[in-house]
Amino acid sequence: MTRDDARALDARDPLAAYRDRFTLPADTLYLDGNSLGALPAHVPAALANAATRQWGDRLIRSWNEGWFDAPERIGARIAPLIGAAPDEVIVGDSTSIHLFKLIVAALRLDPARRTVVSEAGNFPTDLHVAEGAVTCVPGARLRVVAREDLADALDDDTALLLLTHVHYKTAARFDMPAWTARAHAAGALMLWDLSHSVGAVAIDLADADLAVGSTYKYLNGGPGAPAFVFVAKRWQDCLDNTLSGWMGHAAPFAFEDGYRPAPGMARWRTGTPGILSMAALDAALDVWDGVDMTAVAAKSAALFEILARAGTALGLECVTPRDPAARGSHISFRHRDAYALTQALIARGVIGDFRDPDILRLGLTPLYLSHEDVWRAGDILRETIETAAWQDPAFATRNAVT
Ligand SMILES: *Cc1c(COP(=O)(O)O)cnc(C)c1O
């Protein structure tokens, strides 16, 4: 693959025009959109409008002019990206908080089933939240097993199977229908964490029961943007939100002492939603209107090939599956000093990230990376390794966020 080959792919890229909808620094190749999505160019104006007009001018009247129902309205915009109905998704809180609510709810559904099963090496917050959530339900426990042992771990004590669709380190993707079916065959509920797959791959939750996901990664909602929660229609009146706050009450402004859950998804609300971050997310989702996920998947596969070839030519081990259907939209290489390598790349304008202990992770976001961008990133990777530039001691000091 030469630079001209990459340019030829760009010339017939159906997604090429999306690049102009983002603001990115000129001297940067941004390969970390799987961790913090880029800034859509129109979002600052939407934020300014939320602050100046909605807050500054309309003041508290804005609650009745679009603020109060923002969680449901924005959730409905995410629904088509995950194969859900508009009234099965709301946004608010964080992925961690939604996980807590759903895990406790699943454990309380059937007292005869006590175990939450998840994967060793799952994203840390999923396991940490599950560890805390099981302490809230008498007799409940968390069972964490290796990927190859998951199927055997499901039995008539399993209340919930909690899996992350696309793995944050390796990008390995679970076969969603197959695992949902396995959970159901055991009589358990299925909870998918879509944080690393929403906006990266086509998703059809189909028979799944529950899901959560982050909006600040591929959806570009902004740092700490409100997360989404999905509860299949058939469970909406059976599951209870333990974090029962006034915003999930059937009549918040009746100011009753007792809690009565709202019908539908509104019961998964807890407190007052963060309107400024909702405004950024709402505007960011404009970019996704009408995006063809088949084109996104095809371009992601092409970008992957460029880096996979560059990396393997350098002797790097690629830990991401080679089959596009078995992965998300990032690529990870193993390197004995991956932290220093990542820092050396950042110093050269190629922003990726490091995942402990030995992974260099590079995000492939088809909406704002060209084939030539990714080719250049591969070329800078080559130069960095061939010159051993990463061995400079300046790259060895660890930051808090890696
Ligand atoms: C990014 C990510 C999260 C983030 O959770 P927060 O509550 O937003 O910090 C959770 N789970 C997975 C799988 C992720 O990739």
# chains A, B, ... in the order shown; residues from 1 in each chain; ligands from 1

call {"tool": "select_by_dssp", "arguments": {"residues": "stretch 276-347 of chain A", "states": "helix (DSSP H, G or I)", "output": "ChimeraX atom specification"}}
result
/A:276-288,293-313,324-326,338-347

call {"tool": "write_last_selection", "arguments": {"atoms": "C-alpha atoms", "output": "tab-separated table (two decimals), in the first residue's frame"}}
result
chain	number	residue	atom	x	y	z
A	276	LEU	CA	-25.39	21.56	28.96
A	277	SER	CA	-23.83	18.17	28.23
A	278	MET	CA	-27.17	17.00	26.80
A	279	ALA	CA	-27.07	19.99	24.42
A	280	ALA	CA	-23.62	18.99	23.15
A	281	LEU	CA	-24.69	15.38	22.64
A	282	ASP	CA	-27.94	16.33	20.94
A	283	ALA	CA	-26.08	18.51	18.43
A	284	ALA	CA	-23.31	15.92	17.93
A	285	LEU	CA	-25.91	13.36	16.90
A	286	ASP	CA	-26.85	15.52	13.88
A	287	VAL	CA	-23.73	14.13	12.21
A	288	TRP	CA	-25.12	10.59	12.51
A	293	MET	CA	-23.44	1.91	8.68
A	294	THR	CA	-22.56	-0.44	5.82
A	295	ALA	CA	-20.33	2.28	4.37
A	296	VAL	CA	-18.86	2.91	7.83
A	297	ALA	CA	-18.05	-0.79	8.23
A	298	ALA	CA	-16.48	-1.02	4.76
A	299	LYS	CA	-14.27	2.01	5.36
A	300	SER	CA	-13.32	0.82	8.85
A	301	ALA	CA	-12.16	-2.47	7.29
A	302	ALA	CA	-10.08	-0.63	4.67
A	303	LEU	CA	-8.46	1.62	7.30
A	304	PHE	CA	-7.74	-1.43	9.43
A	305	GLU	CA	-5.95	-3.16	6.55
A	306	ILE	CA	-3.64	-0.17	6.03
A	307	LEU	CA	-2.48	-0.21	9.65
A	308	ALA	CA	-2.49	-3.98	10.03
A	309	ARG	CA	-0.09	-4.28	7.09
A	310	ALA	CA	2.11	-1.44	8.35
A	311	GLY	CA	2.29	-2.98	11.82
A	312	THR	CA	2.94	-6.54	10.82
A	313	ALA	CA	5.64	-5.42	8.36
A	324	PRO	CA	-14.01	-7.64	10.22
A	325	ALA	CA	-17.18	-9.32	11.54
A	326	ALA	CA	-15.28	-10.39	14.66
A	338	ALA	CA	3.91	0.24	24.33
A	339	TYR	CA	3.62	3.20	26.71
A	340	ALA	CA	6.82	4.87	25.44
A	341	LEU	CA	5.89	4.01	21.85
A	342	THR	CA	2.48	5.68	22.30
A	343	GLN	CA	4.12	8.79	23.77
A	344	ALA	CA	6.65	8.97	20.93
A	345	LEU	CA	3.79	8.76	18.42
A	346	ILE	CA	1.87	11.52	20.21
A	347	ALA	CA	5.00	13.71	20.08

call {"tool": "closest_atom_pairs", "arguments": {"of": "stretch 26-105 of chain A", "to": "stretch 112-120 of chain A", "cutoff": "12 Å", "atoms": "only C-alpha atoms", "output": "tab-separated table"}}
result
residue	atom	partner	partner_atom	distance
A:Leu102	CA	A:Val116	CA	11.4
A:Ile103	CA	A:Val116	CA	7.9
A:Val104	CA	A:Val116	CA	9.8
A:Ala105	CA	A:Val116	CA	11.6

call {"tool": "write_last_selection", "arguments": {"atoms": "N, CA, C and O atoms", "output": "short mmCIF file (atom, residue, chain, number, x, y, z; two decimals), in the first residue's frame"}}
result
data_model
loop_
_atom_site.label_atom_id
_atom_site.label_comp_id
_atom_site.auth_asym_id
_atom_site.auth_seq_id
_atom_site.Cartn_x
_atom_site.Cartn_y
_atom_site.Cartn_z
N LEU A 102 -29.12 -1.42 36.28
CA LEU A 102 -29.64 -2.58 35.55
C LEU A 102 -29.22 -3.90 36.22
O LEU A 102 -30.00 -4.86 36.23
N ILE A 103 -28.01 -3.96 36.75
CA ILE A 103 -27.56 -5.21 37.39
C ILE A 103 -28.43 -5.50 38.62
O ILE A 103 -28.91 -6.63 38.81
N VAL A 104 -28.65 -4.47 39.45
CA VAL A 104 -29.49 -4.68 40.65
C VAL A 104 -30.91 -5.07 40.22
O VAL A 104 -31.52 -5.99 40.77
N ALA A 105 -31.44 -4.38 39.20
CA ALA A 105 -32.81 -4.68 38.75
C ALA A 105 -32.91 -6.12 38.26
O ALA A 105 -33.88 -6.83 38.57
#

call {"tool": "residues_around", "arguments": {"residues": "A:Ala84", "least_positions_apart": "5", "cutoff": "9 Å", "atoms": "only C-alpha atoms", "output": "list of chain:residue names"}}
result
A:Ala76, A:Ile78, A:Ala79, A:Val89, A:Asp204, A:Leu205, A:Ala206, A:Phe230, A:Ala232

call {"tool": "write_last_selection", "arguments": {"atoms": "all heavy atoms", "output": "PDB file, in the first residue's frame"}}
result
ATOM      1  N   ALA A  76     -34.180   8.658  21.868  1.00  0.00           N
ATOM      2  CA  ALA A  76     -34.863   8.214  20.644  1.00  0.00           C
ATOM      3  C   ALA A  76     -33.979   8.403  19.414  1.00  0.00           C
ATOM      4  O   ALA A  76     -34.108   7.683  18.422  1.00  0.00           O
ATOM      5  CB  ALA A  76     -36.174   8.980  20.474  1.00  0.00           C
ATOM      6  N   ILE A  78     -30.731   7.949  19.447  1.00  0.00           N
ATOM      7  CA  ILE A  78     -29.700   6.908  19.484  1.00  0.00           C
ATOM      8  C   ILE A  78     -30.295   5.548  19.099  1.00  0.00           C
ATOM      9  O   ILE A  78     -29.602   4.687  18.543  1.00  0.00           O
ATOM     10  CB  ILE A  78     -29.054   6.881  20.885  1.00  0.00           C
ATOM     11  CG1 ILE A  78     -28.250   8.175  21.075  1.00  0.00           C
ATOM     12  CG2 ILE A  78     -28.163   5.651  21.094  1.00  0.00           C
ATOM     13  CD1 ILE A  78     -27.659   8.355  22.446  1.00  0.00           C
ATOM     14  N   ALA A  79     -31.594   5.383  19.343  1.00  0.00           N
ATOM     15  CA  ALA A  79     -32.244   4.086  19.112  1.00  0.00           C
ATOM     16  C   ALA A  79     -31.925   3.457  17.749  1.00  0.00           C
ATOM     17  O   ALA A  79     -31.559   2.276  17.691  1.00  0.00           O
ATOM     18  CB  ALA A  79     -33.756   4.223  19.324  1.00  0.00           C
ATOM     19  N   VAL A  89     -35.040   3.725  24.791  1.00  0.00           N
ATOM     20  CA  VAL A  89     -33.716   4.284  25.105  1.00  0.00           C
ATOM     21  C   VAL A  89     -33.872   5.669  25.728  1.00  0.00           C
ATOM     22  O   VAL A  89     -34.647   6.484  25.222  1.00  0.00           O
ATOM     23  CB  VAL A  89     -32.858   4.420  23.816  1.00  0.00           C
ATOM     24  CG1 VAL A  89     -31.430   4.833  24.160  1.00  0.00           C
ATOM     25  CG2 VAL A  89     -32.848   3.127  23.013  1.00  0.00           C
ATOM     26  N   ASP A 204     -27.773  -4.536  16.105  1.00  0.00           N
ATOM     27  CA  ASP A 204     -29.195  -4.841  16.193  1.00  0.00           C
ATOM     28  C   ASP A 204     -29.428  -5.577  17.507  1.00  0.00           C
ATOM     29  O   ASP A 204     -29.126  -6.765  17.616  1.00  0.00           O
ATOM     30  CB  ASP A 204     -29.638  -5.690  15.002  1.00  0.00           C
ATOM     31  CG  ASP A 204     -31.147  -5.930  15.038  1.00  0.00           C
ATOM     32  OD1 ASP A 204     -31.813  -5.452  15.982  1.00  0.00           O
ATOM     33  OD2 ASP A 204     -31.651  -6.606  14.126  1.00  0.00           O
ATOM     34  N   LEU A 205     -29.934  -4.862  18.505  1.00  0.00           N
ATOM     35  CA  LEU A 205     -30.119  -5.487  19.820  1.00  0.00           C
ATOM     36  C   LEU A 205     -31.130  -6.626  19.761  1.00  0.00           C
ATOM     37  O   LEU A 205     -31.091  -7.520  20.603  1.00  0.00           O
ATOM     38  CB  LEU A 205     -30.560  -4.444  20.859  1.00  0.00           C
ATOM     39  CG  LEU A 205     -29.422  -3.594  21.422  1.00  0.00           C
ATOM     40  CD1 LEU A 205     -29.975  -2.421  22.215  1.00  0.00           C
ATOM     41  CD2 LEU A 205     -28.482  -4.422  22.297  1.00  0.00           C
ATOM     42  N   ALA A 206     -32.016  -6.581  18.786  1.00  0.00           N
ATOM     43  CA  ALA A 206     -32.974  -7.670  18.535  1.00  0.00           C
ATOM     44  C   ALA A 206     -33.598  -8.177  19.826  1.00  0.00           C
ATOM     45  O   ALA A 206     -34.346  -7.468  20.481  1.00  0.00           O
ATOM     46  CB  ALA A 206     -32.311  -8.778  17.743  1.00  0.00           C
ATOM     47  N   PHE A 230     -30.804   1.168  27.585  1.00  0.00           N
ATOM     48  CA  PHE A 230     -31.871   0.517  26.813  1.00  0.00           C
ATOM     49  C   PHE A 230     -32.512  -0.555  27.687  1.00  0.00           C
ATOM     50  O   PHE A 230     -31.804  -1.367  28.296  1.00  0.00           O
ATOM     51  CB  PHE A 230     -31.254  -0.130  25.557  1.00  0.00           C
ATOM     52  CG  PHE A 230     -32.069  -1.266  24.967  1.00  0.00           C
ATOM     53  CD1 PHE A 230     -33.050  -1.012  24.005  1.00  0.00           C
ATOM     54  CD2 PHE A 230     -31.856  -2.582  25.364  1.00  0.00           C
ATOM     55  CE1 PHE A 230     -33.794  -2.066  23.453  1.00  0.00           C
ATOM     56  CE2 PHE A 230     -32.597  -3.636  24.815  1.00  0.00           C
ATOM     57  CZ  PHE A 230     -33.566  -3.377  23.865  1.00  0.00           C
ATOM     58  N   ALA A 232     -35.616  -3.359  26.987  1.00  0.00           N
ATOM     59  CA  ALA A 232     -36.587  -3.842  26.004  1.00  0.00           C
ATOM     60  C   ALA A 232     -38.001  -3.613  26.532  1.00  0.00           C
ATOM     61  O   ALA A 232     -38.265  -3.756  27.722  1.00  0.00           O
ATOM     62  CB  ALA A 232     -36.359  -5.323  25.724  1.00  0.00           C
TER      63      ALA A 232
END

call {"tool": "closest_residue", "arguments": {"among": "A:Ala208, A:Ala6, A:Leu160, A:Ala171", "to": "ligand 1", "atoms": "only C-alpha atoms and all ligand atoms"}}
result
A:Ala171

call {"tool": "closest_residue", "arguments": {"among": "A:Tyr216, A:Phe255, A:Tyr368, A:Phe354", "to": "ligand 1", "atoms": "only C-alpha atoms and all ligand atoms"}}
result
A:Tyr216

call {"tool": "residues_near_ligand", "arguments": {"ligand": "ligand 1", "cutoff": "9 Å", "atoms": "only C-alpha atoms and all ligand atoms", "output": "tab-separated table (two decimals) with N, CA and C atoms, in the first residue's frame"}}
result
chain	number	residue	atom	x	y	z
A	34	ASN	N	-12.08	6.46	19.55
A	34	ASN	CA	-12.76	5.40	20.30
A	34	ASN	C	-12.72	5.69	21.80
A	35	SER	N	-11.97	6.71	22.20
A	35	SER	CA	-11.86	7.03	23.62
A	35	SER	C	-12.51	8.39	23.90
A	36	LEU	N	-12.22	9.37	23.06
A	36	LEU	CA	-12.92	10.66	23.09
A	36	LEU	C	-13.12	11.09	21.65
A	93	ASP	N	-26.99	10.37	33.24
A	93	ASP	CA	-26.01	9.68	34.10
A	93	ASP	C	-24.83	9.18	33.26
A	94	SER	N	-24.11	8.18	33.80
A	94	SER	CA	-22.95	7.64	33.09
A	94	SER	C	-23.18	6.15	32.83
A	95	THR	N	-22.35	5.58	32.00
A	95	THR	CA	-22.46	4.14	31.74
A	95	THR	C	-22.34	3.36	33.05
A	96	SER	N	-21.41	3.78	33.91
A	96	SER	CA	-21.23	3.08	35.19
A	96	SER	C	-22.52	3.08	36.02
A	97	ILE	N	-23.17	4.24	36.10
A	97	ILE	CA	-24.41	4.34	36.90
A	97	ILE	C	-25.52	3.48	36.28
A	98	HIS	N	-25.64	3.52	34.96
A	98	HIS	CA	-26.67	2.69	34.31
A	98	HIS	C	-26.40	1.21	34.56
A	99	LEU	N	-25.13	0.81	34.52
A	99	LEU	CA	-24.81	-0.59	34.79
A	99	LEU	C	-25.31	-0.98	36.17
A	122	ASN	N	-12.99	-7.90	31.18
A	122	ASN	CA	-14.00	-6.94	30.72
A	122	ASN	C	-13.53	-5.53	31.11
A	123	PHE	N	-14.13	-4.50	30.53
A	123	PHE	CA	-13.77	-3.13	30.90
A	123	PHE	C	-13.89	-2.99	32.43
A	124	PRO	N	-12.89	-2.38	33.09
A	124	PRO	CA	-12.87	-2.40	34.56
A	124	PRO	C	-14.17	-1.93	35.21
A	125	THR	N	-14.76	-0.84	34.73
A	125	THR	CA	-15.93	-0.34	35.46
A	125	THR	C	-17.07	-1.35	35.45
A	126	ASP	N	-17.19	-2.14	34.41
A	126	ASP	CA	-18.26	-3.14	34.36
A	126	ASP	C	-18.11	-4.14	35.51
A	163	LEU	N	-21.99	-8.63	29.20
A	163	LEU	CA	-20.85	-8.67	28.27
A	163	LEU	C	-20.68	-7.32	27.58
A	164	THR	N	-19.44	-7.01	27.28
A	164	THR	CA	-19.14	-5.84	26.47
A	164	THR	C	-18.98	-6.31	25.03
A	165	HIS	N	-19.80	-5.71	24.15
A	165	HIS	CA	-19.91	-6.17	22.76
A	165	HIS	C	-18.55	-6.18	22.06
A	166	VAL	N	-17.84	-5.03	22.12
A	166	VAL	CA	-16.50	-4.92	21.51
A	166	VAL	C	-15.50	-4.66	22.63
A	167	HIS	N	-14.48	-5.50	22.70
A	167	HIS	CA	-13.51	-5.40	23.79
A	167	HIS	C	-12.65	-4.15	23.66
A	168	TYR	N	-12.49	-3.45	24.79
A	168	TYR	CA	-11.78	-2.16	24.72
A	168	TYR	C	-10.30	-2.32	24.39
A	193	ASP	N	-22.96	-4.10	27.04
A	193	ASP	CA	-22.31	-2.80	27.12
A	193	ASP	C	-21.82	-2.47	25.70
A	194	LEU	N	-22.41	-1.42	25.12
A	194	LEU	CA	-22.14	-1.08	23.72
A	194	LEU	C	-21.16	0.09	23.60
A	195	SER	N	-20.45	0.40	24.69
A	195	SER	CA	-19.60	1.60	24.70
A	195	SER	C	-18.60	1.65	23.55
A	196	HIS	N	-18.02	0.50	23.22
A	196	HIS	CA	-17.00	0.49	22.17
A	196	HIS	C	-17.55	0.05	20.82
A	197	SER	N	-18.87	-0.10	20.72
A	197	SER	CA	-19.41	-0.52	19.44
A	197	SER	C	-20.43	0.45	18.85
A	212	VAL	N	-26.41	-0.75	27.76
A	212	VAL	CA	-25.92	0.58	28.14
A	212	VAL	C	-24.85	0.97	27.14
A	213	GLY	N	-24.47	2.23	27.14
A	213	GLY	CA	-23.35	2.60	26.28
A	213	GLY	C	-22.96	4.05	26.44
A	214	SER	N	-21.73	4.27	26.07
A	214	SER	CA	-21.11	5.58	26.18
A	214	SER	C	-21.40	6.39	24.92
A	215	THR	N	-21.52	7.70	25.07
A	215	THR	CA	-21.78	8.55	23.90
A	215	THR	C	-20.60	9.48	23.59
A	216	TYR	N	-19.55	9.43	24.41
A	216	TYR	CA	-18.42	10.34	24.16
A	216	TYR	C	-17.33	9.69	23.33
A	217	LYS	N	-17.55	8.44	22.89
A	217	LYS	CA	-16.55	7.77	22.05
A	217	LYS	C	-16.94	7.99	20.58
A	224	GLY	N	-17.29	13.13	29.00
A	224	GLY	CA	-18.27	12.83	30.05
A	224	GLY	C	-19.71	12.99	29.62
A	225	ALA	N	-19.99	12.91	28.33
A	225	ALA	CA	-21.36	13.08	27.82
A	225	ALA	C	-22.31	12.06	28.46
A	226	PRO	N	-23.61	12.39	28.57
A	226	PRO	CA	-24.57	11.46	29.18
A	226	PRO	C	-24.59	10.13	28.43
A	227	ALA	N	-24.68	9.05	29.17
A	227	ALA	CA	-24.68	7.71	28.57
A	227	ALA	C	-26.12	7.29	28.27

call {"tool": "closest_residue", "arguments": {"among": "A:Leu362, A:Ala178, A:Ala146, A:Ala202", "to": "A:Val350", "atoms": "only C-alpha atoms"}}
result
A:Leu362

call {"tool": "residues_around", "arguments": {"residues": "A:Pro14", "least_positions_apart": "2", "cutoff": "10 Å", "atoms": "only C-alpha atoms", "output": "PyMOL selection string"}}
result
chain A and resi 9-12+16-18+292+295-296+299

call {"tool": "residues_around", "arguments": {"residues": "A:Asp379", "least_positions_apart": "4", "cutoff": "10 Å", "atoms": "only C-alpha atoms", "output": "MDAnalysis selection string"}}
result
chainID A and resid 2:3 307 310:311 373:375 383:385

call {"tool": "closest_residue", "arguments": {"among": "A:Phe100, A:Leu314, A:Asn241, A:Pro177", "to": "A:Gly132", "atoms": "only C-alpha atoms"}}
result
A:Phe100

call {"tool": "closest_residue", "arguments": {"among": "A:Arg61, A:Lys169, A:Arg108, A:Lys233", "to": "A:Gly139", "atoms": "only C-alpha atoms"}}
result
A:Arg108

call {"tool": "residues_around", "arguments": {"residues": "A:Val319", "least_positions_apart": "4", "cutoff": "9 Å", "atoms": "only C-alpha atoms", "output": "number ranges by chain"}}
result
A: 169-172, 331-334, 359

call {"tool": "write_last_selection", "arguments": {"atoms": "all heavy atoms", "output": "mmCIF file, in the first residue's frame"}}
result
data_model
loop_
_atom_site.group_PDB
_atom_site.id
_atom_site.type_symbol
_atom_site.label_atom_id
_atom_site.label_comp_id
_atom_site.auth_asym_id
_atom_site.auth_seq_id
_atom_site.Cartn_x
_atom_site.Cartn_y
_atom_site.Cartn_z
ATOM 1 N N LYS A 169 -9.709 -3.462 24.695
ATOM 2 C CA LYS A 169 -8.285 -3.624 24.361
ATOM 3 C C LYS A 169 -8.111 -4.247 22.981
ATOM 4 O O LYS A 169 -7.509 -3.670 22.101
ATOM 5 C CB LYS A 169 -7.597 -4.536 25.390
ATOM 6 C CG LYS A 169 -6.981 -3.786 26.559
ATOM 7 C CD LYS A 169 -6.115 -4.716 27.386
ATOM 8 C CE LYS A 169 -5.831 -4.080 28.735
ATOM 9 N NZ LYS A 169 -5.243 -5.017 29.678
ATOM 10 N N THR A 170 -8.663 -5.440 22.809
ATOM 11 C CA THR A 170 -8.365 -6.191 21.583
ATOM 12 C C THR A 170 -9.277 -5.841 20.418
ATOM 13 O O THR A 170 -8.977 -6.190 19.276
ATOM 14 C CB THR A 170 -8.536 -7.696 21.831
ATOM 15 O OG1 THR A 170 -9.923 -7.927 22.142
ATOM 16 C CG2 THR A 170 -7.670 -8.167 22.984
ATOM 17 N N ALA A 171 -10.433 -5.206 20.716
ATOM 18 C CA ALA A 171 -11.484 -4.937 19.719
ATOM 19 C C ALA A 171 -12.237 -6.191 19.304
ATOM 20 O O ALA A 171 -13.069 -6.138 18.389
ATOM 21 C CB ALA A 171 -10.961 -4.192 18.482
ATOM 22 N N ALA A 172 -11.994 -7.315 19.959
ATOM 23 C CA ALA A 172 -12.748 -8.541 19.632
ATOM 24 C C ALA A 172 -14.229 -8.298 19.915
ATOM 25 O O ALA A 172 -14.591 -7.702 20.922
ATOM 26 C CB ALA A 172 -12.233 -9.709 20.459
ATOM 27 N N ILE A 331 -7.674 -0.855 16.311
ATOM 28 C CA ILE A 331 -6.659 -1.888 16.084
ATOM 29 C C ILE A 331 -5.625 -1.770 17.195
ATOM 30 O O ILE A 331 -5.234 -0.663 17.571
ATOM 31 C CB ILE A 331 -6.024 -1.750 14.681
ATOM 32 C CG1 ILE A 331 -4.991 -2.861 14.440
ATOM 33 C CG2 ILE A 331 -5.383 -0.379 14.459
ATOM 34 C CD1 ILE A 331 -4.560 -2.990 12.977
ATOM 35 N N SER A 332 -5.225 -2.915 17.730
ATOM 36 C CA SER A 332 -4.280 -2.913 18.842
ATOM 37 C C SER A 332 -3.080 -3.790 18.520
ATOM 38 O O SER A 332 -3.221 -4.900 18.003
ATOM 39 C CB SER A 332 -4.956 -3.425 20.115
ATOM 40 O OG SER A 332 -5.940 -2.508 20.526
ATOM 41 N N PHE A 333 -1.917 -3.219 18.851
ATOM 42 C CA PHE A 333 -0.663 -3.950 18.667
ATOM 43 C C PHE A 333 -0.008 -4.160 20.018
ATOM 44 O O PHE A 333 -0.086 -3.292 20.896
ATOM 45 C CB PHE A 333 0.303 -3.148 17.787
ATOM 46 C CG PHE A 333 -0.147 -2.967 16.371
ATOM 47 C CD1 PHE A 333 -0.599 -1.727 15.922
ATOM 48 C CD2 PHE A 333 -0.121 -4.027 15.479
ATOM 49 C CE1 PHE A 333 -1.016 -1.550 14.615
ATOM 50 C CE2 PHE A 333 -0.533 -3.863 14.160
ATOM 51 C CZ PHE A 333 -0.982 -2.628 13.722
ATOM 52 N N ARG A 334 0.676 -5.298 20.138
ATOM 53 C CA ARG A 334 1.428 -5.556 21.356
ATOM 54 C C ARG A 334 2.869 -5.105 21.126
ATOM 55 O O ARG A 334 3.431 -5.311 20.052
ATOM 56 C CB ARG A 334 1.380 -7.054 21.665
ATOM 57 C CG ARG A 334 1.984 -7.418 22.992
ATOM 58 C CD ARG A 334 1.594 -8.834 23.395
ATOM 59 N NE ARG A 334 0.285 -8.863 24.019
ATOM 60 C CZ ARG A 334 -0.621 -9.817 23.841
ATOM 61 N NH1 ARG A 334 -0.378 -10.821 23.024
ATOM 62 N NH2 ARG A 334 -1.775 -9.767 24.466
ATOM 63 N N ILE A 359 -0.184 -2.691 25.317
ATOM 64 C CA ILE A 359 -1.002 -2.493 24.112
ATOM 65 C C ILE A 359 -0.937 -1.041 23.613
ATOM 66 O O ILE A 359 -1.197 -0.101 24.365
ATOM 67 C CB ILE A 359 -2.490 -2.858 24.400
ATOM 68 C CG1 ILE A 359 -2.632 -4.348 24.771
ATOM 69 C CG2 ILE A 359 -3.383 -2.494 23.216
ATOM 70 C CD1 ILE A 359 -2.338 -5.327 23.652
#

call {"tool": "residues_around", "arguments": {"residues": "A:Ala266", "least_positions_apart": "3", "cutoff": "8 Å", "atoms": "only C-alpha atoms", "output": "PDB file with C-alpha atoms, in the first residue's frame"}}
result
ATOM      1  CA  GLU A  72     -36.187  10.654  26.128  1.00  0.00           C
ATOM      2  CA  ILE A  90     -33.003   7.319  27.291  1.00  0.00           C
ATOM      3  CA  MET A 247     -37.045  12.579  38.005  1.00  0.00           C
ATOM      4  CA  GLY A 248     -38.126   8.957  37.532  1.00  0.00           C
ATOM      5  CA  HIS A 249     -41.320   9.462  39.541  1.00  0.00           C
ATOM      6  CA  ALA A 262     -43.006   6.543  35.904  1.00  0.00           C
ATOM      7  CA  PRO A 263     -44.246   4.281  33.100  1.00  0.00           C
ATOM      8  CA  ARG A 269     -34.088   8.679  35.304  1.00  0.00           C
TER       9      ARG A 269
END
